[in-house]
Each structure stands twice: as C-alpha cells, then as structure tokens.
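Here is the structure we will look at.
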Amino acid sequence: MGWACLYLLVVAVLCYYQALGPGRTFLPADLSLLIPPWSRHAQEMFPDWHGVARPVWDPLFQFYPARKFLASAIQGGFVPWHDPYLFSGSPFIADGQSAFFYPISWLFAALPLTSAFGIVAALHTFLAGLFFTMFTRRRGIGWEGSLIGATSWMLCGTMVAWQMWQVVDSTLCWLPLSLYFSDRVCRTCDPLGKPNRPTCFLLNFAGLAASLAMTLVAGHMQFALYSIVIIIAYMLTVGDRAFKVRVSAAVLAIGLAGMCAAAQILPQMGLLHVSLRGQNSASDLLATSMPWTHL
C-alpha cells in the first residue's frame, strides 16, 4: 500500500506543482486586471497580456474572500455566523460553500492563504485516489486495476473542471470512502471469508457515518445529495446481509451523519427560503434545464 500511496501522491503533485511553489497560487489572479483600478494599467504592467475570453469570476471574487474571512475567524477565535464585508453584511455559515465546519478548510488558517488553495486542491486529488483504491481493493480488484481506476477518478472531467471551485472536489473525494465502509457494513464476511464481529460492524458503521458527515459539510450540498443517493443504491443492492439490516444501516448512517453535520445543514436550510433562488418555484427552475436529448 505504501508504494501505491506514493504513486497517488506523485500524480497529485504533478497535476498542481505549478501552484505549490513559493509565490504561486491556484487562483485566476489575472482576472483582477479586468476591473478598476488595475484594468487602467494592465497593458503597461503586462505588455503581453491580452485579456480573458471567458473569465471565471467565482474563485477570485467569491471563494478567495470567503476563505480569507474563514481564516481570520479561526485565527481570531470567533464563529463567523455573519460576514460584515460582503455587501452590507451577509450570512456566512448559512452559505454552505463557506465550509466552515469542514476540517480541511481550517488549513486556510494554518497556511499562507494564497498557497493554501493549491495545497488543498492537491490534497483532495490525492484523497480521491486513495479512497478509490481502498474501495476497489476491498472489492477484490488487483493493484494495477485499482490504480488505473483511481487515476481516472482523480483526473476525470468533473474533478478537474470543478477543481478551481474546490467545494465540488472536497465533497466528491469522500464518495469512494463511503462506498468502502458501505461494502464492509453490507457483508457478513470480509474478502477472506472470515465473519465480521459485532465490534467490527460498529466500527465500519461509524466510518460510514463519519465519511457521509464529511461529505455534508464539505461545501456543496448538491453533490453531497448525489453521493448519498449512490450510497443508498449501493447498500440496497449489494451485500449478503439481510435486506432489512442493510436498509436500517443506510438510514441510521445517513441520520447520524446529518446530526453530526447539523451545525452546517440547519443554518443553510434557514437561508434557503430567503435566498435569491428560493423565490423561484420548481417549475421555474426546471424550465432552465437542458433537454433530455442532450444526454
């Protein structure tokens, strides 16, 4: 397992090494040249700069200020329920993408802020591969197949395209770990045919609940719900334990995860009905969806 971890770490570092060096960051900082006062001097400061065709604003103007405020809250020892710097003040924790209760987010307070973006991106990429390898090895797939699958998961379109937002990757990287514990919970025997003891079952159940809780606080509730649906489908269709046992385990694990993540979920639910999108009906939202033929 040691050499497999080393391989996954090398893949993650190779993907983000340009953002890991001193004075580098995993942020589209050049977008600041599109707005005043920097836009007035962009050409003279950077003669080779010719603008940005389709600027992606969120990482620089949403996530950077949010992580800076999160870091200042942790360093200052206060709970950031409210962000006084956004507009005339805005809820902070109730914004799920603030991810204040997500432990890896605390690295933004422990590391130089600009450097932390690249380190956190590489860390989530590594964890995605590590957890995927654990799951596929659990299912009896060989090392070569497991590492090929892990690499594909680490570098798939969703994980790469959304990495600059970070909250999607921080949510999805826990899915293979949840599948790993789900498989252990759903089977009465391990891969070697040895019966699972009650203590082992409870530890795996706790691991499943913990990984789901991390999914719920990681910063993107939509992808967290996708992950939960996958876990439910897996636990209902895989395993040799009685169907009622698997159903009960799934419900209890999700319920326990929800309780652990309540500090994030409850404020977020309270904000939904007064948010901008909360004023739209379901039919209004569905009217903007792409047609099924686009699949």
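A note on labels: chains of the structure tokens are A, B, ... as shown, every chain counts residues from 1, and ligands are counted from 1 in their shown order.
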Just want the 9 Å neighbourhood of range 79-95 of chain A, counted on only C-alpha atoms, with same-chain residues fewer than 6 positions away dropped. Output as an mmCIF file with N, CA, C and O atoms, in the first residue's frame.
data_model
loop_
_atom_site.group_PDB
_atom_site.id
_atom_site.type_symbol
_atom_site.label_atom_id
_atom_site.label_comp_id
_atom_site.auth_asym_id
_atom_site.auth_seq_id
_atom_site.Cartn_x
_atom_site.Cartn_y
_atom_site.Cartn_z
ATOM 1 N N PRO A 65 -12.257 35.665 -1.039
ATOM 2 C CA PRO A 65 -12.690 36.450 0.135
ATOM 3 C C PRO A 65 -13.308 35.577 1.229
ATOM 4 O O PRO A 65 -13.108 35.848 2.421
ATOM 5 N N ALA A 66 -14.052 34.531 0.829
ATOM 6 C CA ALA A 66 -14.681 33.667 1.830
ATOM 7 C C ALA A 66 -13.632 32.912 2.641
ATOM 8 O O ALA A 66 -13.732 32.802 3.877
ATOM 9 N N PHE A 69 -11.905 35.311 5.045
ATOM 10 C CA PHE A 69 -12.719 35.595 6.226
ATOM 11 C C PHE A 69 -12.762 34.387 7.156
ATOM 12 O O PHE A 69 -12.704 34.523 8.383
ATOM 13 N N LEU A 70 -12.853 33.178 6.587
ATOM 14 C CA LEU A 70 -12.823 31.956 7.392
ATOM 15 C C LEU A 70 -11.516 31.867 8.178
ATOM 16 O O LEU A 70 -11.518 31.555 9.385
ATOM 17 N N ALA A 73 -11.481 34.297 11.016
ATOM 18 C CA ALA A 73 -12.363 33.877 12.104
ATOM 19 C C ALA A 73 -11.689 32.837 12.981
ATOM 20 O O ALA A 73 -11.742 32.904 14.215
ATOM 21 N N PHE A 101 -17.257 24.249 8.875
ATOM 22 C CA PHE A 101 -17.147 23.084 9.753
ATOM 23 C C PHE A 101 -16.410 21.918 9.093
ATOM 24 O O PHE A 101 -16.351 20.829 9.658
ATOM 25 N N GLY A 219 -19.009 21.461 1.522
ATOM 26 C CA GLY A 219 -19.219 22.726 0.826
ATOM 27 C C GLY A 219 -20.126 22.709 -0.383
ATOM 28 O O GLY A 219 -20.368 23.761 -0.974
ATOM 29 N N ALA A 263 -24.858 21.530 12.411
ATOM 30 C CA ALA A 263 -24.416 22.918 12.555
ATOM 31 C C ALA A 263 -24.269 23.596 11.199
ATOM 32 O O ALA A 263 -24.378 24.825 11.099
ATOM 33 N N GLN A 264 -24.011 22.813 10.145
ATOM 34 C CA GLN A 264 -23.931 23.353 8.796
ATOM 35 C C GLN A 264 -25.283 23.305 8.086
ATOM 36 O O GLN A 264 -25.671 24.253 7.393
ATOM 37 N N ILE A 265 -26.011 22.203 8.263
ATOM 38 C CA ILE A 265 -27.238 21.989 7.499
ATOM 39 C C ILE A 265 -28.369 22.924 7.954
ATOM 40 O O ILE A 265 -29.063 23.521 7.123
ATOM 41 N N LEU A 266 -28.571 23.066 9.258
ATOM 42 C CA LEU A 266 -29.711 23.842 9.754
ATOM 43 C C LEU A 266 -29.642 25.319 9.358
ATOM 44 O O LEU A 266 -30.643 25.874 8.877
ATOM 45 N N PRO A 267 -28.505 26.012 9.538
ATOM 46 C CA PRO A 267 -28.454 27.402 9.056
ATOM 47 C C PRO A 267 -28.663 27.505 7.550
ATOM 48 O O PRO A 267 -29.289 28.450 7.066
ATOM 49 N N GLN A 268 -28.150 26.517 6.817
ATOM 50 C CA GLN A 268 -28.305 26.536 5.363
ATOM 51 C C GLN A 268 -29.777 26.396 4.975
ATOM 52 O O GLN A 268 -30.255 27.085 4.064
ATOM 53 N N MET A 269 -30.503 25.524 5.674
ATOM 54 C CA MET A 269 -31.931 25.371 5.395
ATOM 55 C C MET A 269 -32.691 26.646 5.736
ATOM 56 O O MET A 269 -33.648 27.033 5.052
ATOM 57 N N GLY A 270 -32.259 27.322 6.806
ATOM 58 C CA GLY A 270 -32.920 28.567 7.176
ATOM 59 C C GLY A 270 -32.735 29.669 6.160
ATOM 60 O O GLY A 270 -33.585 30.559 6.031
ATOM 61 N N LEU A 271 -31.622 29.611 5.430
ATOM 62 C CA LEU A 271 -31.358 30.651 4.429
ATOM 63 C C LEU A 271 -32.062 30.392 3.106
ATOM 64 O O LEU A 271 -32.297 31.330 2.337
ATOM 65 N N LEU A 272 -32.425 29.137 2.852
ATOM 66 C CA LEU A 272 -32.950 28.771 1.535
ATOM 67 C C LEU A 272 -34.181 29.582 1.133
ATOM 68 O O LEU A 272 -34.276 30.047 0.010
#
Contacts of range 197-203 of chain A within 12 Å, only C-alpha atoms, excl. fewer than 3 positions in-chain, as a PyMOL selection string: chain A and resi 181-190+194+206-210+241+245-246+249+252-253
Nearby residues (only C-alpha atoms) at most 12 Å from Leu6 in chain A, same-chain spacing under 4 positions excluded, as a PyMOL selection string: chain A and resi 1-2+10-13+126+129-130+147
Residues of range 122-290 of chain A in alpha helix (DSSP H), written as an NGL selection string: :A and (122-138 or 143-154 or 157-161 or 167-172 or 175-186 or 198-217 or 221-237 or 243-260 or 262-272 or 282-286)
Run DSSP on the backbone and grab whatever in range 58-103 of chain A lands in strand (DSSP E or B); send it over as a CSV table (one decimal) with C-alpha atoms, in the first residue's frame.
chain,number,residue,atom,x,y,z
A,82,HIS,CA,-22.2,36.8,9.7
A,83,ASP,CA,-19.8,38.3,7.2
A,90,SER,CA,-24.4,38.6,4.7
A,91,PRO,CA,-24.8,35.2,6.4
With 12 Å as the cut-off and only C-alpha atoms counted, what is the closest atom pair between each nearby residue of range 132-175 of chain A and range 25-31 of chain A? Distances in Å to one decimal, ordered by chain and number, as a Markdown table.
| residue | atom | partner | partner_atom | distance |
| --- | --- | --- | --- | --- |
| A:Gln163 | CA | A:Phe26 | CA | 9.6 |
| A:Met164 | CA | A:Leu27 | CA | 7.2 |
| A:Trp165 | CA | A:Leu27 | CA | 9.5 |
| A:Gln166 | CA | A:Phe26 | CA | 10.3 |
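Distances to Thr136 in chain A were evaluated for A:Leu155, A:Ala71, A:Tyr180, A:Phe117 using only C-alpha atoms, and the minimum falls at A:Tyr180.
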Å distance separating CA of Tyr7 in chain A from CA of Glu144 in chain A, one decimal place: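 Computing the Euclidean distance for CA of Tyr7 in chain A and CA of Glu144 in chain A yields 11.5 Å.
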Coordinates-based distance that separates CA of Ala261 in chain A from CA of Ala213 in chain A (Å, one decimal):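 Interatomic distance here is 5.7 Å.
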Between CA of Val274 in chain A and CA of Gln97 in chain A, distance in Å (one decimal):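 The value is 16.7 Å.
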Residues near Arg137 in chain A, cut-off 10 Å, only C-alpha atoms, skip fewer than 6 positions along chain, as a list in words: Phe131, Trp143, Gly145, Ser146, Leu147, Tyr180 and Pro191 of chain A
Those selected residues, please, written with all heavy atoms and delivered as a compact mmCIF listing (two decimals), in the first residue's frame.
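Okay, again_34.txt is ready:
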# COMPACT_ATOMS: atom_id res chain seq x y z
N PHE A 131 -8.88 6.91 -1.52
CA PHE A 131 -10.14 6.28 -1.11
C PHE A 131 -10.68 5.36 -2.22
O PHE A 131 -11.25 4.31 -1.93
CB PHE A 131 -11.18 7.35 -0.76
CG PHE A 131 -10.80 8.20 0.42
CD1 PHE A 131 -11.28 9.49 0.55
CD2 PHE A 131 -9.97 7.71 1.41
CE1 PHE A 131 -10.94 10.27 1.64
CE2 PHE A 131 -9.61 8.48 2.51
CZ PHE A 131 -10.10 9.77 2.63
N TRP A 143 -4.03 -4.57 -7.88
CA TRP A 143 -3.40 -3.27 -7.71
C TRP A 143 -3.36 -2.46 -9.00
O TRP A 143 -3.62 -1.25 -8.99
CB TRP A 143 -1.97 -3.44 -7.17
CG TRP A 143 -1.92 -3.73 -5.70
CD1 TRP A 143 -1.59 -4.91 -5.09
CD2 TRP A 143 -2.22 -2.82 -4.63
NE1 TRP A 143 -1.67 -4.80 -3.73
CE2 TRP A 143 -2.05 -3.52 -3.41
CE3 TRP A 143 -2.62 -1.49 -4.58
CZ2 TRP A 143 -2.25 -2.93 -2.17
CZ3 TRP A 143 -2.83 -0.89 -3.35
CH2 TRP A 143 -2.65 -1.61 -2.16
N GLY A 145 -5.37 -2.59 -11.68
CA GLY A 145 -6.71 -2.08 -12.00
C GLY A 145 -7.16 -1.00 -11.03
O GLY A 145 -7.79 0.00 -11.43
N SER A 146 -6.85 -1.17 -9.75
CA SER A 146 -7.25 -0.19 -8.74
C SER A 146 -6.59 1.16 -9.00
O SER A 146 -7.23 2.21 -8.90
CB SER A 146 -6.89 -0.70 -7.34
OG SER A 146 -7.66 -1.83 -7.01
N LEU A 147 -5.29 1.13 -9.32
CA LEU A 147 -4.58 2.39 -9.53
C LEU A 147 -4.98 3.06 -10.85
O LEU A 147 -5.03 4.29 -10.94
CB LEU A 147 -3.07 2.15 -9.49
CG LEU A 147 -2.53 1.76 -8.11
CD1 LEU A 147 -1.04 1.47 -8.18
CD2 LEU A 147 -2.80 2.86 -7.09
N TYR A 180 -16.54 2.26 0.45
CA TYR A 180 -15.70 1.29 1.13
C TYR A 180 -16.35 0.82 2.43
O TYR A 180 -16.48 -0.39 2.68
CB TYR A 180 -14.33 1.91 1.41
CG TYR A 180 -13.44 1.12 2.34
CD1 TYR A 180 -12.69 0.04 1.86
CD2 TYR A 180 -13.34 1.44 3.68
CE1 TYR A 180 -11.87 -0.69 2.70
CE2 TYR A 180 -12.53 0.72 4.55
CZ TYR A 180 -11.79 -0.35 4.05
OH TYR A 180 -10.98 -1.07 4.90
N PRO A 191 -13.28 -10.16 2.64
CA PRO A 191 -12.89 -10.85 1.40
C PRO A 191 -12.24 -12.21 1.61
O PRO A 191 -12.23 -13.05 0.71
CB PRO A 191 -11.91 -9.86 0.75
CG PRO A 191 -12.31 -8.54 1.29
CD PRO A 191 -12.74 -8.80 2.69
Nearest candidate to Cys260 in chain A (options A:Tyr234, A:Trp153, A:Tyr102, A:Trp3; using only C-alpha atoms): A:Tyr102
Nearby residues (only C-alpha atoms) at most 10 Å from Pro103 in chain A, same-chain spacing under 3 positions excluded, as a ChimeraX atom specification: /A:99-100,106-107,214,217-218
Emit the selected residues as a PDB file, in the first residue's frame, including N, CA, C and O atoms.
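Here's the written file part_20.pdb:
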ATOM      1  N   ALA A  99     -18.142  26.260   4.070  1.00  0.00           N
ATOM      2  CA  ALA A  99     -17.479  25.037   4.568  1.00  0.00           C
ATOM      3  C   ALA A  99     -16.695  25.290   5.851  1.00  0.00           C
ATOM      4  O   ALA A  99     -15.598  24.760   6.029  1.00  0.00           O
ATOM      5  N   PHE A 100     -17.268  26.076   6.757  1.00  0.00           N
ATOM      6  CA  PHE A 100     -16.543  26.422   7.985  1.00  0.00           C
ATOM      7  C   PHE A 100     -16.321  25.204   8.869  1.00  0.00           C
ATOM      8  O   PHE A 100     -15.300  25.097   9.553  1.00  0.00           O
ATOM      9  N   TRP A 106      -9.804  24.319   7.490  1.00  0.00           N
ATOM     10  CA  TRP A 106      -9.013  25.002   8.521  1.00  0.00           C
ATOM     11  C   TRP A 106      -7.562  25.168   8.096  1.00  0.00           C
ATOM     12  O   TRP A 106      -6.826  25.955   8.713  1.00  0.00           O
ATOM     13  N   LEU A 107      -7.136  24.463   7.038  1.00  0.00           N
ATOM     14  CA  LEU A 107      -5.788  24.662   6.517  1.00  0.00           C
ATOM     15  C   LEU A 107      -5.595  26.083   5.999  1.00  0.00           C
ATOM     16  O   LEU A 107      -4.460  26.581   5.952  1.00  0.00           O
ATOM     17  N   MET A 214     -18.593  14.144   6.570  1.00  0.00           N
ATOM     18  CA  MET A 214     -17.604  14.965   5.875  1.00  0.00           C
ATOM     19  C   MET A 214     -18.142  15.422   4.517  1.00  0.00           C
ATOM     20  O   MET A 214     -17.910  16.559   4.092  1.00  0.00           O
ATOM     21  N   VAL A 217     -20.565  18.449   5.035  1.00  0.00           N
ATOM     22  CA  VAL A 217     -20.012  19.739   5.456  1.00  0.00           C
ATOM     23  C   VAL A 217     -18.927  20.247   4.505  1.00  0.00           C
ATOM     24  O   VAL A 217     -18.361  21.320   4.736  1.00  0.00           O
ATOM     25  N   ALA A 218     -18.640  19.497   3.433  1.00  0.00           N
ATOM     26  CA  ALA A 218     -17.504  19.828   2.570  1.00  0.00           C
ATOM     27  C   ALA A 218     -17.740  21.051   1.698  1.00  0.00           C
ATOM     28  O   ALA A 218     -16.780  21.601   1.153  1.00  0.00           O
TER      29      ALA A 218
END
Residue nearest Ser105 in chain A - candidates A:Arg277, A:His124, A:Arg67, A:Arg139, atoms counted: only C-alpha atoms: A:Arg67
